[in-house]
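Dumped coords_31.tsv below, it's TSV, C-alpha atoms (C1' of nucleotides):
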chain	number	residue	atom	x	y	z
A	1	MET	CA	96.19	1.16	-118.90
A	2	ASN	CA	95.46	3.51	-121.81
A	3	SER	CA	94.30	1.50	-124.77
A	4	THR	CA	95.39	4.27	-127.14
A	5	PRO	CA	98.64	6.12	-126.65
A	6	LEU	CA	97.79	9.62	-127.87
A	7	SER	CA	100.55	12.01	-128.88
A	8	THR	CA	101.59	14.71	-126.41
A	9	ASP	CA	100.70	17.35	-128.95
A	10	ARG	CA	97.24	16.00	-129.36
A	11	MET	CA	96.66	15.91	-125.63
A	12	LEU	CA	98.18	19.32	-124.93
A	13	GLY	CA	94.75	20.89	-124.66
A	14	ALA	CA	93.77	18.38	-121.99
A	15	LEU	CA	97.09	18.81	-120.17
A	16	LEU	CA	96.41	22.52	-119.92
A	17	ARG	CA	92.79	22.16	-118.85
A	18	LEU	CA	93.54	19.73	-116.02
A	19	PRO	CA	95.48	21.99	-113.63
A	20	SER	CA	93.16	24.85	-114.52
A	21	ARG	CA	90.21	22.82	-113.31
A	22	ALA	CA	92.09	21.77	-110.19
A	23	ILE	CA	92.71	25.41	-109.27
A	24	VAL	CA	89.09	26.38	-109.70
A	25	ARG	CA	87.94	23.40	-107.67
A	26	ARG	CA	90.36	24.14	-104.83
A	27	ILE	CA	89.32	27.78	-104.61
A	28	ALA	CA	85.66	26.77	-104.68
A	29	ARG	CA	86.30	24.29	-101.88
A	30	ASP	CA	88.09	26.77	-99.65
A	31	LEU	CA	85.55	29.49	-100.30
A	32	ALA	CA	82.69	27.10	-99.51
A	33	ARG	CA	84.43	26.13	-96.28
A	34	ALA	CA	84.51	29.80	-95.33
A	35	GLY	CA	80.79	30.08	-96.05
A	36	HIS	CA	81.05	31.62	-99.53
A	37	ASP	CA	79.20	29.00	-101.53
A	38	ASP	CA	77.46	31.49	-103.78
A	39	LEU	CA	80.31	32.18	-106.20
A	40	SER	CA	80.49	30.62	-109.66
A	41	PRO	CA	83.71	29.90	-111.59
A	42	ALA	CA	82.91	32.73	-113.97
A	43	GLN	CA	82.63	35.07	-111.00
A	44	PHE	CA	86.13	34.10	-109.82
A	45	VAL	CA	87.45	35.10	-113.20
A	46	ALA	CA	85.80	38.50	-113.03
A	47	PHE	CA	87.37	38.96	-109.61
A	48	GLN	CA	90.74	37.87	-110.90
A	49	TYR	CA	90.90	40.68	-113.42
A	50	LEU	CA	89.74	43.42	-111.05
A	51	PRO	CA	92.73	45.55	-109.96
A	52	PRO	CA	92.83	46.73	-106.32
A	53	GLU	CA	91.84	50.26	-107.25
A	54	GLY	CA	88.83	49.06	-109.25
A	55	ALA	CA	88.02	49.27	-112.95
A	56	ARG	CA	85.23	50.03	-115.38
A	57	THR	CA	83.02	47.20	-116.54
A	58	THR	CA	84.23	47.64	-120.10
A	59	GLU	CA	87.90	47.50	-119.11
A	60	LEU	CA	87.21	44.38	-117.11
A	61	ALA	CA	85.46	42.76	-120.05
A	62	GLU	CA	88.42	43.48	-122.31
A	63	GLN	CA	90.88	42.03	-119.83
A	64	ALA	CA	88.83	38.88	-119.33
A	65	GLY	CA	88.20	38.50	-123.05
A	66	ILE	CA	84.41	38.48	-122.85
A	67	THR	CA	81.80	40.99	-124.04
A	68	LYS	CA	80.84	43.97	-121.91
A	69	GLN	CA	77.31	42.58	-121.70
A	70	SER	CA	78.57	39.33	-120.18
A	71	MET	CA	80.82	41.19	-117.75
A	72	SER	CA	77.98	43.51	-116.88
A	73	ALA	CA	75.87	40.53	-115.84
A	74	LEU	CA	78.71	39.05	-113.74
A	75	VAL	CA	79.30	42.37	-112.00
A	76	ARG	CA	75.60	42.88	-111.36
A	77	ALA	CA	75.40	39.49	-109.64
A	78	LEU	CA	78.54	40.16	-107.57
A	79	ILE	CA	77.08	43.50	-106.46
A	80	SER	CA	73.79	41.93	-105.42
A	81	GLN	CA	75.78	39.35	-103.44
A	82	GLY	CA	77.64	42.13	-101.67
A	83	TYR	CA	81.12	41.44	-103.06
A	84	LEU	CA	81.46	44.52	-105.25
A	85	GLU	CA	80.06	48.02	-105.46
A	86	ARG	CA	79.88	50.75	-108.05
A	87	LEU	CA	81.33	54.21	-107.56
A	88	PRO	CA	80.54	56.96	-110.05
A	89	ASP	CA	83.53	57.86	-112.23
A	90	PRO	CA	84.25	61.52	-111.42
A	91	THR	CA	85.77	62.06	-114.85
A	92	ASP	CA	83.03	60.54	-116.99
A	93	ARG	CA	79.34	60.54	-116.18
A	94	ARG	CA	78.64	57.58	-118.47
A	95	ALA	CA	80.97	55.36	-116.52
A	96	SER	CA	81.26	53.88	-113.06
A	97	ILE	CA	84.16	52.26	-111.23
A	98	VAL	CA	83.63	48.76	-109.90
A	99	VAL	CA	85.46	48.14	-106.60
A	100	ARG	CA	85.55	45.38	-103.98
A	101	THR	CA	83.60	45.67	-100.75
A	102	GLU	CA	85.17	44.36	-97.52
A	103	ARG	CA	83.40	41.09	-98.26
A	104	GLY	CA	85.03	41.19	-101.69
A	105	TRP	CA	88.49	41.59	-100.17
A	106	GLU	CA	87.87	38.53	-98.03
A	107	ILE	CA	87.24	36.43	-101.14
A	108	GLU	CA	90.44	37.76	-102.57
A	109	ARG	CA	92.44	36.70	-99.51
A	110	ILE	CA	90.92	33.24	-99.43
A	111	ALA	CA	91.50	32.66	-103.15
A	112	ARG	CA	95.11	33.82	-102.96
A	113	THR	CA	95.83	31.56	-100.02
A	114	ALA	CA	94.11	28.61	-101.71
A	115	ILE	CA	96.12	28.99	-104.90
A	116	SER	CA	99.47	29.42	-103.24
A	117	ALA	CA	98.85	26.38	-101.02
A	118	LEU	CA	97.91	24.31	-104.05
A	119	VAL	CA	100.92	25.51	-106.01
A	120	ASP	CA	103.14	24.60	-103.06
A	121	GLU	CA	101.68	21.10	-103.04
A	122	TRP	CA	102.41	20.81	-106.74
A	123	ARG	CA	105.93	22.12	-106.32
A	124	ASP	CA	106.59	19.42	-103.72
A	125	ALA	CA	105.08	16.69	-105.86
A	126	LEU	CA	107.27	17.40	-108.89
A	127	ALA	CA	111.00	17.38	-109.47
A	128	PRO	CA	112.85	20.34	-107.95
A	129	GLY	CA	112.47	23.44	-110.09
A	130	GLN	CA	110.21	21.68	-112.56
A	131	LEU	CA	107.02	23.50	-111.66
A	132	ASP	CA	108.58	26.94	-111.69
A	133	ALA	CA	110.31	26.29	-115.00
A	134	GLY	CA	106.95	25.26	-116.41
A	135	ILE	CA	105.22	28.35	-115.07
A	136	GLU	CA	107.95	30.49	-116.53
A	137	MET	CA	107.39	28.81	-119.88
A	138	LEU	CA	103.68	29.58	-119.66
A	139	GLY	CA	104.52	33.20	-118.93
A	140	ALA	CA	106.83	33.41	-121.94
A	141	LEU	CA	104.18	31.73	-124.06
A	142	ALA	CA	101.56	34.21	-122.87
A	143	ASP	CA	103.86	37.07	-123.88
A	144	HIS	CA	104.35	35.49	-127.28
A	145	LEU	CA	100.60	35.03	-127.78
A	146	ASP	CA	100.03	38.63	-126.74
A	147	ALA	CA	102.58	39.91	-129.22
A	148	GLN	CA	101.08	37.65	-131.89
A	149	GLU	CA	97.63	39.09	-131.35
A	150	GLU	CA	99.06	42.58	-131.42
A	151	THR	CA	100.61	42.12	-134.85
A	152	GLU	CA	97.48	40.41	-136.18
A	153	ARG	CA	95.38	43.40	-135.17
A	154	GLY	CA	97.92	46.03	-136.24
B	1	MET	CA	101.80	48.79	-119.41
B	2	ASN	CA	100.03	46.73	-116.78
B	3	SER	CA	98.81	49.05	-114.08
B	4	THR	CA	98.68	46.21	-111.55
B	5	PRO	CA	101.44	43.61	-111.37
B	6	LEU	CA	99.54	40.50	-110.32
B	7	SER	CA	101.40	37.59	-108.77
B	8	THR	CA	102.28	34.63	-110.97
B	9	ASP	CA	100.32	32.36	-108.66
B	10	ARG	CA	97.23	34.46	-109.00
B	11	MET	CA	97.49	34.55	-112.76
B	12	LEU	CA	98.30	30.87	-113.18
B	13	GLY	CA	94.72	30.11	-114.17
B	14	ALA	CA	94.91	32.69	-116.92
B	15	LEU	CA	98.34	31.47	-118.03
B	16	LEU	CA	96.90	28.01	-118.48
B	17	ARG	CA	93.77	29.18	-120.25
B	18	LEU	CA	95.59	31.30	-122.80
B	19	PRO	CA	97.41	28.60	-124.81
B	20	SER	CA	94.36	26.37	-124.49
B	21	ARG	CA	92.27	29.00	-126.23
B	22	ALA	CA	94.95	29.53	-128.85
B	23	ILE	CA	94.89	25.84	-129.73
B	24	VAL	CA	91.13	25.74	-130.11
B	25	ARG	CA	91.14	28.87	-132.22
B	26	ARG	CA	93.85	27.57	-134.51
B	27	ILE	CA	92.10	24.26	-135.09
B	28	ALA	CA	88.85	26.07	-135.74
B	29	ARG	CA	90.59	28.34	-138.22
B	30	ASP	CA	92.22	25.51	-140.16
B	31	LEU	CA	89.06	23.44	-140.17
B	32	ALA	CA	87.05	26.42	-141.42
B	33	ARG	CA	89.60	26.95	-144.20
B	34	ALA	CA	89.06	23.35	-145.26
B	35	GLY	CA	85.30	23.94	-145.34
B	36	HIS	CA	84.48	22.39	-141.96
B	37	ASP	CA	82.88	25.37	-140.28
B	38	ASP	CA	80.16	23.36	-138.57
B	39	LEU	CA	82.20	22.01	-135.63
B	40	SER	CA	81.96	23.50	-132.13
B	41	PRO	CA	84.77	23.45	-129.55
B	42	ALA	CA	82.86	20.88	-127.52
B	43	GLN	CA	82.71	18.65	-130.58
B	44	PHE	CA	86.51	18.81	-130.94
B	45	VAL	CA	86.80	17.55	-127.42
B	46	ALA	CA	84.51	14.61	-128.10
B	47	PHE	CA	86.65	13.81	-131.12
B	48	GLN	CA	89.82	14.08	-129.09
B	49	TYR	CA	88.77	11.31	-126.75
B	50	LEU	CA	87.59	8.92	-129.44
B	51	PRO	CA	90.19	6.17	-130.00
B	52	PRO	CA	90.81	5.01	-133.59
B	53	GLU	CA	88.89	1.78	-133.08
B	54	GLY	CA	85.85	3.66	-131.72
B	55	ALA	CA	84.22	3.60	-128.30
B	56	ARG	CA	80.87	3.49	-126.56
B	57	THR	CA	79.15	6.76	-125.75
B	58	THR	CA	79.41	6.03	-122.05
B	59	GLU	CA	83.16	5.33	-122.22
B	60	LEU	CA	83.65	8.53	-124.17
B	61	ALA	CA	81.71	10.49	-121.56
B	62	GLU	CA	83.84	9.10	-118.74
B	63	GLN	CA	87.05	9.97	-120.56
B	64	ALA	CA	85.91	13.50	-121.30
B	65	GLY	CA	84.56	13.98	-117.79
B	66	ILE	CA	81.00	14.87	-118.81
B	67	THR	CA	77.71	13.02	-118.38
B	68	LYS	CA	76.66	10.35	-120.82
B	69	GLN	CA	73.65	12.51	-121.73
B	70	SER	CA	75.89	15.40	-122.74
B	71	MET	CA	78.15	13.10	-124.73
B	72	SER	CA	75.14	11.49	-126.31
B	73	ALA	CA	74.03	14.88	-127.60
B	74	LEU	CA	77.50	15.67	-128.96
B	75	VAL	CA	77.71	12.31	-130.70
B	76	ARG	CA	74.22	12.66	-132.15
B	77	ALA	CA	75.16	16.02	-133.69
B	78	LEU	CA	78.44	14.65	-135.06
B	79	ILE	CA	76.57	11.75	-136.64
B	80	SER	CA	74.02	14.02	-138.28
B	81	GLN	CA	76.90	16.10	-139.66
B	82	GLY	CA	78.44	12.98	-141.14
B	83	TYR	CA	81.60	12.84	-139.00
B	84	LEU	CA	80.76	9.76	-136.96
B	85	GLU	CA	78.60	6.68	-137.25
B	86	ARG	CA	77.25	4.05	-134.93
B	87	LEU	CA	77.97	0.36	-135.29
B	88	PRO	CA	76.07	-2.15	-133.19
B	89	ASP	CA	78.20	-3.70	-130.46
B	90	PRO	CA	78.27	-7.42	-131.32
B	91	THR	CA	78.79	-8.33	-127.66
B	92	ASP	CA	76.02	-6.21	-126.08
B	93	ARG	CA	72.71	-5.35	-127.69
B	94	ARG	CA	72.20	-2.31	-125.43
B	95	ALA	CA	75.36	-0.71	-126.69
B	96	SER	CA	76.77	0.69	-129.91
B	97	ILE	CA	80.27	1.59	-130.97
B	98	VAL	CA	80.85	5.12	-132.19
B	99	VAL	CA	83.45	5.32	-134.98
B	100	ARG	CA	84.72	7.98	-137.37
B	101	THR	CA	83.52	8.15	-140.96
B	102	GLU	CA	85.98	9.06	-143.72
B	103	ARG	CA	84.88	12.67	-143.19
B	104	GLY	CA	85.67	12.18	-139.50
B	105	TRP	CA	89.19	11.00	-140.26
B	106	GLU	CA	89.73	14.11	-142.34
B	107	ILE	CA	88.93	16.30	-139.33
B	108	GLU	CA	91.36	14.28	-137.32
B	109	ARG	CA	94.16	14.84	-139.81
B	110	ILE	CA	93.50	18.57	-140.07
B	111	ALA	CA	93.40	19.01	-136.29
B	112	ARG	CA	96.60	17.04	-135.77
B	113	THR	CA	98.42	19.06	-138.39
B	114	ALA	CA	97.10	22.33	-136.98
B	115	ILE	CA	98.24	21.52	-133.44
B	116	SER	CA	101.67	20.31	-134.40
B	117	ALA	CA	102.25	23.38	-136.59
B	118	LEU	CA	101.17	25.65	-133.73
B	119	VAL	CA	103.37	23.81	-131.24
B	120	ASP	CA	106.31	24.14	-133.64
B	121	GLU	CA	105.70	27.89	-133.84
B	122	TRP	CA	105.71	28.07	-130.07
B	123	ARG	CA	108.86	25.98	-129.81
B	124	ASP	CA	110.62	28.41	-132.13
B	125	ALA	CA	109.36	31.46	-130.26
B	126	LEU	CA	110.66	30.29	-126.86
B	127	ALA	CA	114.09	29.46	-125.52
B	128	PRO	CA	115.50	26.13	-126.75
B	129	GLY	CA	113.98	23.25	-124.80
B	130	GLN	CA	111.73	25.53	-122.80
B	131	LEU	CA	108.46	24.47	-124.38
B	132	ASP	CA	109.16	20.77	-124.13
B	133	ALA	CA	110.27	21.08	-120.51
B	134	GLY	CA	107.01	22.88	-119.79
B	135	ILE	CA	104.95	20.22	-121.54
B	136	GLU	CA	106.78	17.57	-119.60
B	137	MET	CA	105.93	19.41	-116.40
B	138	LEU	CA	102.27	19.49	-117.40
B	139	GLY	CA	102.40	15.75	-118.01
B	140	ALA	CA	103.94	15.11	-114.59
B	141	LEU	CA	101.36	17.39	-113.02
B	142	ALA	CA	98.55	15.55	-114.78
B	143	ASP	CA	99.89	12.28	-113.38
B	144	HIS	CA	100.01	13.79	-109.90
B	145	LEU	CA	96.44	15.09	-110.17
B	146	ASP	CA	95.31	11.70	-111.41
B	147	ALA	CA	96.94	9.95	-108.48
B	148	GLN	CA	95.48	12.54	-106.13
B	149	GLU	CA	91.97	11.91	-107.40
B	150	GLU	CA	92.56	8.20	-107.12
B	151	THR	CA	93.42	8.40	-103.41
B	152	GLU	CA	90.53	10.78	-102.74
B	153	ARG	CA	88.07	8.32	-104.23
B	154	GLY	CA	89.72	5.24	-102.77
C	1	DT	C1'	79.32	76.19	-130.92
C	2	DT	C1'	77.41	72.59	-132.72
C	3	DC	C1'	77.23	68.35	-134.75
C	4	DA	C1'	78.94	63.73	-136.11
C	5	DT	C1'	80.95	59.99	-134.25
C	6	DA	C1'	82.77	57.24	-130.51
C	7	DT	C1'	82.27	55.16	-126.04
C	8	DA	C1'	80.05	53.28	-121.35
C	9	DG	C1'	76.63	50.69	-120.22
C	10	DT	C1'	71.88	48.35	-120.48
C	11	DC	C1'	68.06	45.43	-122.39
C	12	DA	C1'	66.17	41.64	-124.84
C	13	DG	C1'	66.66	37.52	-126.99
C	14	DT	C1'	69.51	33.46	-128.54
C	15	DT	C1'	72.95	29.70	-128.34
C	16	DT	C1'	75.99	26.35	-126.32
C	17	DA	C1'	77.18	23.06	-123.32
C	18	DG	C1'	76.66	21.41	-119.48
C	19	DC	C1'	73.36	19.40	-115.58
C	20	DT	C1'	69.46	16.29	-113.09
C	21	DT	C1'	65.64	13.18	-112.94
C	22	DA	C1'	63.22	9.65	-114.94
C	23	DC	C1'	62.73	6.10	-118.17
C	24	DT	C1'	63.47	1.61	-121.44
C	25	DA	C1'	66.10	-2.20	-122.86
C	26	DT	C1'	69.42	-5.43	-122.00
C	27	DC	C1'	72.88	-7.89	-119.37
C	28	DT	C1'	74.75	-10.65	-115.45
C	29	DG	C1'	75.60	-12.81	-110.98
C	30	DG	C1'	73.65	-15.25	-107.15
D	1	DC	C1'	65.11	-16.75	-113.01
D	2	DC	C1'	65.08	-12.67	-111.06
D	3	DA	C1'	67.27	-8.51	-108.72
D	4	DG	C1'	70.32	-5.37	-109.54
D	5	DA	C1'	73.63	-3.01	-112.69
D	6	DT	C1'	74.56	-0.86	-117.09
D	7	DA	C1'	73.88	1.45	-122.06
D	8	DG	C1'	71.47	4.75	-123.78
D	9	DT	C1'	67.45	8.16	-124.49
D	10	DA	C1'	64.03	11.91	-123.22
D	11	DA	C1'	62.67	16.10	-121.17
D	12	DG	C1'	63.49	20.05	-118.93
D	13	DC	C1'	66.67	23.21	-116.42
D	14	DT	C1'	70.75	26.49	-115.76
D	15	DA	C1'	75.06	29.11	-116.50
D	16	DA	C1'	77.59	31.71	-119.26
D	17	DA	C1'	78.56	33.13	-123.17
D	18	DC	C1'	76.85	35.61	-127.68
D	19	DT	C1'	74.48	39.40	-131.08
D	20	DG	C1'	71.76	43.44	-132.12
D	21	DA	C1'	69.57	47.45	-130.74
D	22	DC	C1'	69.29	51.10	-127.66
D	23	DT	C1'	70.31	55.49	-124.28
D	24	DA	C1'	73.27	58.78	-122.41
D	25	DT	C1'	77.39	61.12	-122.37
D	26	DA	C1'	81.97	62.65	-124.36
D	27	DT	C1'	84.91	64.51	-127.70
D	28	DG	C1'	87.07	66.15	-131.90
D	29	DA	C1'	86.56	68.92	-135.88
D	30	DA	C1'	84.14	72.25	-139.06
Translate the structure described by the file into structure tokens.
Amino acid sequence: MNSTPLSTDRMLGALLRLPSRAIVRRIARDLARAGHDDLSPAQFVAFQYLPPEGARTTELAEQAGITKQSMSALVRALISQGYLERLPDPTDRRASIVVRTERGWEIERIARTAISALVDEWRDALAPGQLDAGIEMLGALADHLDAQEETERG
Amino acid sequence: MNSTPLSTDRMLGALLRLPSRAIVRRIARDLARAGHDDLSPAQFVAFQYLPPEGARTTELAEQAGITKQSMSALVRALISQGYLERLPDPTDRRASIVVRTERGWEIERIARTAISALVDEWRDALAPGQLDAGIEMLGALADHLDAQEETERG
DNA sequence: TTCATATAGTCAGTTTAGCTTACTATCTGG
DNA sequence: CCAGATAGTAAGCTAAACTGACTATATGAA
């Protein structure tokens, strides 16, 4: 089939990107089916990092690893689409708190359901325990990368 | 630390993106150290899908999952930077075969070394066998997704 | 108290990496 | 031999990031 057997190491990037893509596509599909066809992948990500109680644009940008200008643009679009709204921060007049509207909560529910259904499919398709072991590894790896970054900054 | 404990499912996208980013950054760092600071992440990807014996632009595009126009642009840039060259396809006068130059092979070696060093670091940082089990899971998952796509098209 | 500096957010402009539509040149099967 | 199919290019568009410069507000220290 494959004319060139590439090493696992070399293909690791691709192996990581594949399921990532599949998740995004599945969420997009389910959202579109529910009539929400106006959300881009980047907008999902913004949503993903927004805690239930809301957050400042700058906090959100940090979490997502993009600039505050980029996050600002994402948030602006999501507000104009009716998914988010801004509340003034009572403790700081420069800032505002971005929170979900009811419409925003609906997205959240659909996305959650879509992901957990997809993960269940994957769990069934693989050897017992394999998926969860892999996810655990990714979690441990994320912790390691976090710690790494910490020491590099400090 | 984290004010909102998000479910593993919900964060799976992020968990997958994190190591992916780390790989790209590490390769970029090592290439820059060797004086190759003119390569973009997208160009790495093009490189990644190019077999040793070379390939047509269209084949490359299919492999990478982008349009032939996008791949054409990537290849054009890589040629002008001296990393690739075009050889006429002796069997088809419409086509040409894209192959690495010596400079291109050097990139290849640096990237390979960078990835395997990074993967070794990760292997050491995690529990014994954990990383490799996870990579194996990703491989199995990739196979599943491939099969899935196959049946959806067929 | 005031002032220097830091922070939240915006505005304007640029870059990157993809896309679609339309085209030329060549190949191939009926 | 000709009607598609295929390899590749051209032109123009869009999404999503970036940098640099700016305003308004907060805050710590003299």
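Residues within 9 Å of region 141-152 of chain B, counting only C-alpha atoms (C1' of nucleotides) and excluding same-chain residues fewer than 6 positions away, are Leu15, Leu16, Leu18, Pro19, Ala22, Trp122, Ala125, Leu126 and Leu131 of chain A.
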Least-squares superposed chain A, target chain B, every Cα, as a short mmCIF file (atom, residue, chain, number, x, y, z; two decimals) with C-alpha atoms, keeping the file's coordinate frame:
data_model
loop_
_atom_site.label_atom_id
_atom_site.label_comp_id
_atom_site.auth_asym_id
_atom_site.auth_seq_id
_atom_site.Cartn_x
_atom_site.Cartn_y
_atom_site.Cartn_z
CA MET A 1 101.62 48.79 -118.86
CA ASN A 2 99.77 46.71 -116.25
CA SER A 3 98.49 48.97 -113.53
CA THR A 4 98.40 46.05 -111.09
CA PRO A 5 101.17 43.51 -110.95
CA LEU A 6 99.32 40.31 -110.06
CA SER A 7 101.19 37.37 -108.58
CA THR A 8 102.10 34.47 -110.87
CA ASP A 9 100.12 32.13 -108.67
CA ARG A 10 97.04 34.24 -108.95
CA MET A 11 97.31 34.41 -112.71
CA LEU A 12 98.14 30.73 -113.20
CA GLY A 13 94.58 29.98 -114.24
CA ALA A 14 94.78 32.61 -116.97
CA LEU A 15 98.23 31.42 -118.06
CA LEU A 16 96.81 27.95 -118.58
CA ARG A 17 93.67 29.11 -120.38
CA LEU A 18 95.54 31.27 -122.90
CA PRO A 19 97.39 28.60 -124.90
CA SER A 20 94.35 26.35 -124.63
CA ARG A 21 92.26 28.98 -126.36
CA ALA A 22 94.95 29.54 -128.97
CA ILE A 23 94.91 25.84 -129.87
CA VAL A 24 91.16 25.72 -130.25
CA ARG A 25 91.17 28.86 -132.37
CA ARG A 26 93.92 27.55 -134.66
CA ILE A 27 92.16 24.24 -135.22
CA ALA A 28 88.89 26.06 -135.89
CA ARG A 29 90.65 28.29 -138.40
CA ASP A 30 92.27 25.44 -140.29
CA LEU A 31 89.11 23.38 -140.29
CA ALA A 32 87.09 26.34 -141.58
CA ARG A 33 89.66 26.85 -144.33
CA ALA A 34 89.11 23.24 -145.38
CA GLY A 35 85.36 23.83 -145.47
CA HIS A 36 84.52 22.31 -142.07
CA ASP A 37 82.92 25.31 -140.41
CA ASP A 38 80.22 23.31 -138.67
CA LEU A 39 82.26 22.03 -135.73
CA SER A 40 82.04 23.55 -132.26
CA PRO A 41 84.85 23.54 -129.67
CA ALA A 42 82.95 21.00 -127.61
CA GLN A 43 82.79 18.75 -130.66
CA PHE A 44 86.59 18.88 -131.03
CA VAL A 45 86.90 17.65 -127.49
CA ALA A 46 84.60 14.71 -128.13
CA PHE A 47 86.72 13.86 -131.15
CA GLN A 48 89.89 14.18 -129.14
CA TYR A 49 88.87 11.44 -126.75
CA LEU A 50 87.66 9.00 -129.41
CA PRO A 51 90.26 6.23 -129.92
CA PRO A 52 90.87 5.01 -133.49
CA GLU A 53 88.93 1.81 -132.92
CA GLY A 54 85.91 3.69 -131.56
CA ALA A 55 84.31 3.72 -128.12
CA ARG A 56 80.96 3.65 -126.37
CA THR A 57 79.25 6.92 -125.60
CA THR A 58 79.54 6.27 -121.88
CA GLU A 59 83.27 5.55 -122.07
CA LEU A 60 83.75 8.72 -124.06
CA ALA A 61 81.82 10.74 -121.50
CA GLU A 62 83.99 9.39 -118.69
CA GLN A 63 87.18 10.21 -120.54
CA ALA A 64 86.05 13.74 -121.35
CA GLY A 65 84.74 14.30 -117.83
CA ILE A 66 81.18 15.18 -118.83
CA THR A 67 77.88 13.35 -118.31
CA LYS A 68 76.76 10.63 -120.70
CA GLN A 69 73.76 12.79 -121.60
CA SER A 70 76.01 15.64 -122.70
CA MET A 71 78.25 13.29 -124.66
CA SER A 72 75.22 11.66 -126.20
CA ALA A 73 74.10 15.03 -127.55
CA LEU A 74 77.58 15.80 -128.95
CA VAL A 75 77.77 12.41 -130.64
CA ARG A 76 74.27 12.75 -132.07
CA ALA A 77 75.21 16.07 -133.67
CA LEU A 78 78.49 14.68 -135.05
CA ILE A 79 76.59 11.74 -136.57
CA SER A 80 74.04 14.00 -138.22
CA GLN A 81 76.93 16.04 -139.64
CA GLY A 82 78.45 12.88 -141.08
CA TYR A 83 81.62 12.78 -138.96
CA LEU A 84 80.78 9.74 -136.86
CA GLU A 85 78.62 6.65 -137.08
CA ARG A 86 77.28 4.07 -134.68
CA LEU A 87 77.99 0.36 -134.98
CA PRO A 88 76.09 -2.10 -132.81
CA ASP A 89 78.26 -3.63 -130.08
CA PRO A 90 78.29 -7.37 -130.86
CA THR A 91 78.88 -8.20 -127.20
CA ASP A 92 76.16 -6.06 -125.64
CA ARG A 93 72.83 -5.24 -127.21
CA ARG A 94 72.34 -2.16 -125.01
CA ALA A 95 75.47 -0.56 -126.34
CA SER A 96 76.82 0.77 -129.61
CA ILE A 97 80.33 1.67 -130.73
CA VAL A 98 80.90 5.18 -132.01
CA VAL A 99 83.48 5.32 -134.83
CA ARG A 100 84.75 7.95 -137.27
CA THR A 101 83.52 8.07 -140.84
CA GLU A 102 86.00 8.95 -143.62
CA ARG A 103 84.89 12.54 -143.15
CA GLY A 104 85.69 12.12 -139.46
CA TRP A 105 89.21 10.92 -140.23
CA GLU A 106 89.77 14.02 -142.34
CA ILE A 107 88.97 16.25 -139.36
CA GLU A 108 91.41 14.24 -137.34
CA ARG A 109 94.21 14.78 -139.87
CA ILE A 110 93.56 18.49 -140.14
CA ALA A 111 93.44 18.97 -136.36
CA ARG A 112 96.65 17.02 -135.83
CA THR A 113 98.48 19.02 -138.47
CA ALA A 114 97.14 22.31 -137.07
CA ILE A 115 98.29 21.52 -133.55
CA SER A 116 101.73 20.32 -134.48
CA ALA A 117 102.30 23.39 -136.67
CA LEU A 118 101.22 25.66 -133.83
CA VAL A 119 103.39 23.83 -131.33
CA ASP A 120 106.34 24.18 -133.71
CA GLU A 121 105.74 27.92 -133.91
CA TRP A 122 105.71 28.08 -130.13
CA ARG A 123 108.85 26.00 -129.84
CA ASP A 124 110.64 28.44 -132.15
CA ALA A 125 109.36 31.47 -130.28
CA LEU A 126 110.64 30.33 -126.88
CA ALA A 127 114.06 29.51 -125.53
CA PRO A 128 115.48 26.18 -126.73
CA GLY A 129 113.97 23.28 -124.83
CA GLN A 130 111.69 25.54 -122.83
CA LEU A 131 108.44 24.48 -124.45
CA ASP A 132 109.14 20.78 -124.21
CA ALA A 133 110.22 21.06 -120.59
CA GLY A 134 106.96 22.84 -119.88
CA ILE A 135 104.91 20.21 -121.67
CA GLU A 136 106.71 17.53 -119.74
CA MET A 137 105.84 19.33 -116.53
CA LEU A 138 102.19 19.42 -117.56
CA GLY A 139 102.33 15.70 -118.22
CA ALA A 140 103.83 15.01 -114.80
CA LEU A 141 101.24 17.28 -113.23
CA ALA A 142 98.44 15.44 -115.03
CA ASP A 143 99.77 12.15 -113.67
CA HIS A 144 99.87 13.62 -110.18
CA LEU A 145 96.30 14.93 -110.47
CA ASP A 146 95.17 11.54 -111.74
CA ALA A 147 96.77 9.74 -108.82
CA GLN A 148 95.29 12.32 -106.45
CA GLU A 149 91.80 11.69 -107.76
CA GLU A 150 92.36 7.97 -107.51
CA THR A 151 93.20 8.11 -103.82
CA GLU A 152 90.33 10.51 -103.12
CA ARG A 153 87.87 8.06 -104.65
CA GLY A 154 89.47 4.94 -103.17
#
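Residue neighbourhood of region 11-21 of chain D, excluding near-sequence residues (fewer than 4 positions): Leu39, Ser40, Pro41, Ala42, Gln43, Gly65, Ile66, Thr67, Lys68, Gln69, Ser70, Met71, Ala73 and Leu74 of chain A; Gln69 of chain B; DT10, DC11, DA12, DG13, DT14, DT15, DT16, DA17, DG18, DC19, DT20, DT21, DA22 and DC23 of chain C, at 12 Å, using only C-alpha atoms (C1' of nucleotides).
Contacts from chain D to chain B at a cut-off of 12 Å (all atoms listed in the file) map to D:DT6, D:DA7, D:DG8, D:DT9, D:DA10, D:DA11.
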Report as an MDAnalysis selection string all protein, DNA and RNA residues lying within 9 Å of Arg17 (chain A), evaluated on only C-alpha atoms (C1' of nucleotides), omitting residues in the same chain fewer than 4 positions from it. (chainID A and resid 12:13 21:22) or (chainID B and resid 16:17 20)
A straight line from CA of Arg100 (chain B) to CA of Ala34 (chain B) spans 17.8 Å
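For the pair CA of Leu50 (chain A) and CA of Val99 (chain A), the separation is 7.8 Å.
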Given all atoms listed in the file as the counted atoms, nearest of B:Arg123, B:Arg10, B:His36, B:Arg112 to Gly82 (chain B): B:His36
Using all atoms listed in the file, what table do you get, as JSON lines, when you list each residue of chain C with an atom no more than 9 Å from chain A, its nearest pair of atoms, and their distance in Å rounded to one decimal, rows by chain then rising number?
{"residue": "C:DT7", "atom": "C1'", "partner": "A:Arg94", "partner_atom": "CA", "distance": 8.7}
{"residue": "C:DA8", "atom": "C1'", "partner": "A:Ala95", "partner_atom": "CA", "distance": 5.3}
{"residue": "C:DG9", "atom": "C1'", "partner": "A:Ala95", "partner_atom": "CA", "distance": 7.4}
{"residue": "C:DT10", "atom": "C1'", "partner": "A:Gln69", "partner_atom": "CA", "distance": 8.0}
